[in-house]
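Take a look at the structure below.
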Amino acid sequence: MKILVPVKRVIDYNVRVRVKADGSGVDLANVKMAMNPFDEIAVEEALRLREAGIASEVVALSAGTAACQETLRTAMALGADRAILVETEAELQPLAVARLLHAIVAREAPQLVILGKQAIDDDANQTGQMLAALLGWPQATFASKLLVANGRATVTREIDGGVETLEMPLPAVVTTDLRLNEPRYATLPNIMKAKKKPLEVFKPADLAVDVAPRLQTLGVAEPPPRHAGIRVADVAELVAKLKNEAKVI
Amino acid sequence: MPILVIAEHDNAGLKAATLPAVTAAARIGAHSGAEIHVLVAGSACTGAAQAAAAIAGVAKVLVADAPHYAEQTAENEAALAVQLAQGDGAYTHILAAATTHGRNMLPRVAALCDVAQISDIVAVESPDIFVRPIYAGNALATVKSTDVLKVITVRTTAFDAAGQGGAAAVEAIAPGPDLGLSRLVGRELTVSARPELAAARVIVAGGRGLASSENYHRLLEPLADRLGAALGASRAAVDAGFVPNDCQVGQTGKIVAPQLYIAIGISGAIQHLAGMRDSQVIVAINRDAEAPIFQVADYGLVGDLFKLVPELTEALG
Ligand SMILES: Cc1cc2nc3c(=O)[nH]c(=O)nc-3n(C[C@H](O)[C@H](O)[C@H](O)COP(=O)(O)OP(=O)(O)OC[C@H]3O[C@@H](n4cnc5c(N)ncnc54)[C@H](O)[C@@H]3O)c2cc1C
């Protein structure tokens, strides 16, 4: 069984984001970039399935600029067998990415696609569900536990009121939540080995996919600032402030 | 052409998250004059349908009652919504709350209709221009949709709950196909006598600083009892097993905006702030005077929580 793991190159989660002065977007110049944290969890889960003998091959995929090769090398250093880059300078929105993934799935025929539940830049939380819909496959989003056996997946999902478990035949799409696993780190020898693993490059046109954005960004602004208030000396002062000033208790 | 809101419910009744989604629909309708319809897809869901019909501003409730909607799995519910979107008198907008239900199901609808989804909107500028947070709420993007159909999830804290007193027509519609793709085998919902996090007026939230599940419950529950508060947590507290996952507040957990949020032993990582920065009043109790949580707190109390929390509980008694 083959597993496809799409990974996105995003701003590192520790970086403090700054909105550009002209309001056209967020300043990404000279900012540290990394693999989307949820995608690291997706890579890890796929590797564990391969190590357990359930999957035979893990293919990482990224869509974006040539710089995404770095993210794919990271995925291969973690253990992915090979990688595919769909290279474009164009702005990619979730629907376009889902369509690109759809085209790659048609070529690669994986039994499972594992993606992060959301990317920490656009926070859209759409791509996995869109891909599943385009393929007509079942989906299990926000997974905190994944079991694969006898051509079926049993997935525990984090939902608003608690957790639920779904069962579905493969092929299927799974999106990861934070508590699915703790990703490993790449070791130096594996980083060296990853440089020699195969990385195939396509253009959206090779896949006959139109990636034109459907949403136009008119402007990006800072949220209204929230100012630090005051320090209170003790519990008595805190209670007095909450009662008399804030009037919330 | 009308606007469709997909209801979130448990067949017997409506989930509160549906109400702000109706308000967002009404904002769109205020520009375009469109009617609002609510879709209730469920099984033996008369209770939910009646509750939907009582929402002020709703013109019509469409009810698809069939066993394969009992658990509202994404595949079947989305397929039904797509039929409606493409049918006669089709919709200009389809909305759902940005809860785990809406986030799970609605992107399927968008993809099958070949349109973008606009996730987690916090404001309606016009029928095709919306504001949504990006980068954990550190920026707000104003986006314009160029699609004929707008598919939208609504951040529930950004819109007031729609009122009651409506008397919408309730219309049974033919169910869509049972795709038989996924099957629910179990659901474990957290049972709690406390208010729901998303709807609570006061939230007492604990982080890694509490150091154990035992401490979390021993210290925070009496305080929450005094305040009639819901209990929340940072990711670190959930990962460590102090409380279940549905208590997590943040970029990738729940978004809350109570009147009072008390953060105890929480450092204030950007991912946590993303979930609570719109609270009306924020209190932070932390022994590290430099903790980032103090940059957003209205009232900061520096010190050892093991001493201060029991004192606070006592003072409120
Ligand atoms: C992709 C991604 C998504 C994430 N999503 C979320 C999310 O949705 N929600 C979320 O919360 N986090 C999220 N995080 C995690 C986030 O980055 C932080 O790691 C987390 O919020 C830290 O939790 P904490 O504040 O409880 O722990 P810490 O950062 O360890 O802070 C503990 C605090 O307790 C204080 N403390 C310790 N002992 C005492 C004492 N005795 N008295 C008083 N104070 C004390 C310390 O001074 C410290 O400030 C996410 C991270 C990633 C990478």
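Identifiers in the structure tokens: chain A, B, ... in order shown; residue index from 1 per chain; ligand index from 1 in order shown.
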Selection near His227 (chain A), 12 Å with only C-alpha atoms, sequence-local residues under 5 positions removed, as a list in words: Arg277, Asp278, Val281, Ile282, Pro292, Ile293, Phe294, Gln295, Val296, Ala297, Asp298 and Tyr299 of chain B
Selection within 8 Å of ligand 1 by only C-alpha atoms and all ligand atoms, output as an NGL selection string: (:A and (13-14 or 36-38 or 120 or 178)) or (:B and (206-211 or 233-237 or 248-254 or 264-275 or 285-289 or 291-293 or 302-306))
Residue with smallest distance to chain A - pool B:Met105, B:Gly176, B:Val204, B:Glu214, counting only C-alpha atoms: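 For chain A, the nearest of the given residues is B:Met105.
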Per residue of chain A within 7 Å of chain B, what are the shortest atom pair and its distance in Å to one decimal, counting only C-alpha atoms, with rows by chain and residue number, as CSV?
residue,atom,partner,partner_atom,distance
A:Val17,CA,B:Asn138,CA,6.5
A:Val19,CA,B:Ala139,CA,6.7
A:Leu95,CA,B:Ala116,CA,6.0
A:Ile120,CA,B:Tyr135,CA,6.0
A:Asp121,CA,B:Tyr135,CA,4.6
A:Asp122,CA,B:Ile134,CA,5.0
A:Asp123,CA,B:Ile134,CA,5.8
A:Ala124,CA,B:Ser119,CA,5.6
A:Asn125,CA,B:Arg103,CA,6.9
A:Gln126,CA,B:Pro107,CA,5.4
A:Gln129,CA,B:Arg108,CA,5.5
A:Met130,CA,B:Arg108,CA,5.0
A:Ala133,CA,B:Arg108,CA,5.0
A:Leu134,CA,B:Leu112,CA,6.4
A:Pro138,CA,B:Leu181,CA,5.1
A:Thr141,CA,B:Asn104,CA,6.5
A:Glu158,CA,B:Asn245,CA,6.9
A:Ile159,CA,B:Thr100,CA,5.6
A:Asp160,CA,B:Asp246,CA,5.5
A:Gly161,CA,B:Leu189,CA,5.2
A:Gly162,CA,B:Leu189,CA,4.5
A:Val163,CA,B:Glu188,CA,5.4
A:Glu164,CA,B:Arg187,CA,4.0
A:Thr165,CA,B:Gly186,CA,5.2
A:Leu166,CA,B:Leu184,CA,4.5
A:Glu167,CA,B:Arg183,CA,5.2
A:Met168,CA,B:Ser182,CA,4.6
A:Arg179,CA,B:Asp239,CA,6.9
A:Arg214,CA,B:Thr146,CA,5.5
A:Leu215,CA,B:Ser145,CA,4.7
A:Gln216,CA,B:Lys144,CA,5.1
A:Thr217,CA,B:Val143,CA,4.5
A:Leu218,CA,B:Thr142,CA,5.5
A:Gly219,CA,B:Thr142,CA,5.3
A:Val220,CA,B:Ala141,CA,4.4
A:Ala221,CA,B:Leu140,CA,5.2
A:Glu222,CA,B:Ala139,CA,4.8
A:Pro223,CA,B:Ala139,CA,5.7
A:Arg226,CA,B:Val296,CA,5.8
A:His227,CA,B:Val296,CA,5.8
A:Ala228,CA,B:Gln295,CA,4.5
A:Gly229,CA,B:Asp298,CA,3.9
A:Ile230,CA,B:Tyr299,CA,5.3
A:Arg231,CA,B:Gly300,CA,4.5
A:Val232,CA,B:Leu301,CA,5.5
A:Ala233,CA,B:Leu301,CA,6.7
A:Asp234,CA,B:Leu301,CA,6.8
A:Val235,CA,B:Leu312,CA,5.8
A:Val248,CA,B:Leu260,CA,6.6
All residues 7 Å or closer to region 56-61 of chain A, only C-alpha atoms, same chain fewer than 6 positions away omitted, as a ChimeraX atom specification: /A:1-7,46-47,50,72,75,80-85
Could you dump the residues just selected with C-alpha atoms as a PDB file, in the first residue's frame?
ATOM      1  CA  MET A   1       0.000   0.000   0.000  1.00  0.00           C
ATOM      2  CA  LYS A   2       1.218   3.423  -0.929  1.00  0.00           C
ATOM      3  CA  ILE A   3       0.620   6.529   1.205  1.00  0.00           C
ATOM      4  CA  LEU A   4       0.713  10.033  -0.206  1.00  0.00           C
ATOM      5  CA  VAL A   5       1.565  12.825   2.238  1.00  0.00           C
ATOM      6  CA  PRO A   6       1.120  16.402   1.022  1.00  0.00           C
ATOM      7  CA  VAL A   7       3.300  18.895   2.915  1.00  0.00           C
ATOM      8  CA  ALA A  46       2.706   7.482   7.356  1.00  0.00           C
ATOM      9  CA  LEU A  47       6.200   6.394   8.405  1.00  0.00           C
ATOM     10  CA  ARG A  50       5.328   1.721   6.801  1.00  0.00           C
ATOM     11  CA  LEU A  72      10.318  17.811   0.567  1.00  0.00           C
ATOM     12  CA  ALA A  75      10.104  14.897   4.556  1.00  0.00           C
ATOM     13  CA  ALA A  80       9.639   9.453   3.019  1.00  0.00           C
ATOM     14  CA  ASP A  81      10.828   7.294   0.115  1.00  0.00           C
ATOM     15  CA  ARG A  82      10.506   9.869  -2.641  1.00  0.00           C
ATOM     16  CA  ALA A  83       8.930  13.202  -3.406  1.00  0.00           C
ATOM     17  CA  ILE A  84       6.907  15.101  -5.955  1.00  0.00           C
ATOM     18  CA  LEU A  85       6.923  18.869  -6.387  1.00  0.00           C
TER      19      LEU A  85
END
Between CA of Val209 (chain A) and CA of Ala109 (chain A), distance in Å (one decimal):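 Computed distance, CA of Val209 (chain A) to CA of Ala109 (chain A), equals 17.8 Å.
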Region 39-208 of chain A: residues DSSP assigns to strand (DSSP E or B), reported as a VMD selection string: chain A and resid 57 to 64 82 to 87 112 to 116 139 to 149 152 to 159 162 to 169 172 to 176 199 to 202
Shortest interatomic distance to Pro213 (chain A) - which of A:Glu108, A:Glu91, A:Glu245, A:Glu40, counting only C-alpha atoms: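 Using only C-alpha atoms, Pro213 (chain A) sits closest to A:Glu91.
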Pick from B:Ala56, B:Ala224, B:Val148, B:Val40, whichever lies nearest to Gly317 (chain B) using only C-alpha atoms: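 Counting only C-alpha atoms, the residue closest to Gly317 (chain B) is B:Ala224.
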Nearest to Ala7 (chain B) by atom-to-atom distance, counting only C-alpha atoms, from B:Gln72, B:Ser213, B:Gln164, B:Gln86: B:Gln72
Two-atom distance - CA of Ala168 (chain B), CA of Glu77 (chain B) (Å):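 Atom-to-atom, CA of Ala168 (chain B) and CA of Glu77 (chain B) are spaced 21.9 Å apart.
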